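Worksheet for the structure shown next.
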Amino acid sequence: MTERSFQELTGGDAEGGAGALRVRGVSKSFPGTRALRDVDLDLASAEVHGLVGENGCGKSTLVKIIAGVYQGDTGTVEVGGQKLQASEMSPSTSRQLGIRVVHQDSPIFPTLTVTENLLLGGRFPVRRGGRIDWREARRRAAVVLERFHIEARPDALAADLDFAVRGMVAIARELQDSEEGERGILVLDEPTARLNEEEVDTLLAALRRYAADGQGIVLVTHRLDEVMEVCDRLTVMRDGRVVATRGCEDLDRRTLVEMIVGSALAGEYAAARHEVDAESAGEIVARVRGLSSTTLREIDLDLPAGEIVGLAGVEGSGTSELLQTIYGCHPRAAGTVEVRGRELPAGQVRRARELGVEYVPPDRAADAAFSGMTVRENLSVGELGRYWRNGRMSRSREAADVAELIERFQISPPTGDALMSNLSGGNQQKVVLARAFRREPTLLLLDEPSNGVDVGARAQIHHAIRAAVDKGATALIASSDAEELTRLCDRILIFVEGRITSELRGEGIVRDSVLTLIHQSSDEAESDLSEASA
């Protein structure tokens, strides 16, 4: 279809204006799936409006229609009195309506600098003759970085940034124009999924400022505390429909959870932690001695069977690097790792898997999911040998195993033929975890295991972790969500600048304690260690 002009589509001028967003009767179907059913959404100017629901409920599909990435089958999208048919939406018409969208996996180009990433889209200053004024470009980028408290240099390559910093750059790229008075519509799809709590606070404070200045903001998030803290109203979706729109002042967390899942939930963190001490601990599954890398500093660690151990620390503290170094995808400088009494040499991922070690990285899209393949192929990759008999592939056995995993992890849609790219982020995460868990691992290395999943899926994932541990495995979990760690883990190790500086057990596992300890300076941590050893 040839794209028609914005004036022709709206019957108005080409200026994207400020004002309310009105979505009416939007529906969308994909082959075998009806993603949206007659969805209505209202956003007022100067409002932060939460959009919540379980993975696969239709939130991201609705956002992509508003952004013009998808075209709706029916319905309309209207901003400031300018209305388009949902079937006529495109990225250019969405932007001309004044809509700015930061998608869940917003692209940051790794081979470009921070300045180049920030100023994409016609923002580069140009000298006479049409040449880019790079000095001015870097100055403008520095202003944006300072405004959003992003610790990165304008000339740094995006490939060299941590994923949390990349996410902040993607958000700042869209938000920077609002500071200059463009009071349109801002839609954020899971903007905090990869941010630590300090970065989350910075972003939420920015959202409140923009709303106070007249910006209308739609916030899609699974972090319900954020919804309750920053949103004026929220809309709950389930199975492609809107089931409720409520003011946040009228809601408590339990009621909101029940609205999202459609029934009372026993608990988001229903896998209660164990009290594990030296006497009750099982055999040592893994032993780490003197492990060092570019980040880690002489880590000693014993991991007994039947224990969930949490790793807490700010970005770059070493929690993710510990998992990667044990598994073998991050280089060691020194130290040894043993699994079930057998040495795990440095850099040998295949050997790690032979010893029953499974690793789930934090960035599923880049490092774990094969988006162009089906769910069945994602679940079976690496396991095809078990289905070959006499030179032939047993598709029936593979299909039976895949169906069992889909049911066990409640993956939606419940078919192995669905393309991975058509699944919601949370269901992609469940596929990645199911692939790791199917091997009945000895040692689970999980980095942000509930990243971007809803409250129901989080409980399922935590139950699966606890079930594996109850069978004798050990789980080592790095998470930026202090609440997740305190509810799930039997023990929490605090990391500061590559060292384990504190250990929390039993009644000492308290969220405020975790947050206080991870923000210690190196000198404070050294002092605490000296006092503890004395």
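Ordered as shown in the structure tokens, chains take letters A, B, and onward, while each chain numbers its residues from 1 and ligands are numbered from 1 in the order shown.
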Residues flagged alpha helix (DSSP H) by DSSP in stretch 120-271 of chain A, as JSON, numbers by chain:
{"A": [134, 135, 136, 137, 138, 139, 140, 141, 142, 143, 144, 145, 146, 147, 163, 164, 165, 166, 167, 168, 169, 170, 171, 172, 173, 174, 175, 197, 198, 199, 200, 201, 202, 203, 204, 205, 206, 207, 208, 209, 210, 211, 212, 224, 225, 226, 227, 228, 229, 230, 253, 254, 255, 256, 257, 258, 259, 260, 261]}
Find the spatial neighbours of stretch 33-44 of chain A, counting only C-alpha atoms, within a cut-off of 7 Å - ignore same-chain residues fewer than 3 positions away - and output them as a ChimeraX atom specification.
/A:20-30,47,49,58,216,240-242
Can you tell me, as a ChimeraX atom specification, which residues in stretch 253-369 of chain A count as strand (DSSP E or B) by DSSP?
/A:284-292,299-304,308-312,334-339,342-343,357-360
To one decimal place in Å, what is the distance between atom CA of A:Glu398 and atom CA of A:Ile461?
22.9 Å
Near stretch 319-336 of chain A, within 8 Å and counting only C-alpha atoms, which residues show up once chain neighbours fewer than 6 positions away are dropped, as a ChimeraX atom specification?
/A:288-296,298,311-313,343-349,352,357-359,445-447,476,478,495,498
Using only C-alpha atoms, which protein or nucleic acid residues come within 12 Å of stretch 170-172 of chain A? Drop anything in the same chain fewer than 6 positions from it, and give the result as a ChimeraX atom specification.
/A:100-110,114-120,141-150,158,163-164,178-179,186-192,194-195,199-200,202-204,206-207
From the options A:Cys248, A:Glu377, A:Glu197, A:Ile284, which residue's atoms come nearest to A:Ile518, counting only C-alpha atoms?
A:Glu197
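For the pair atom CA of A:Ser421 and atom CA of A:Ala369, the interatomic distance is 8.9 Å.
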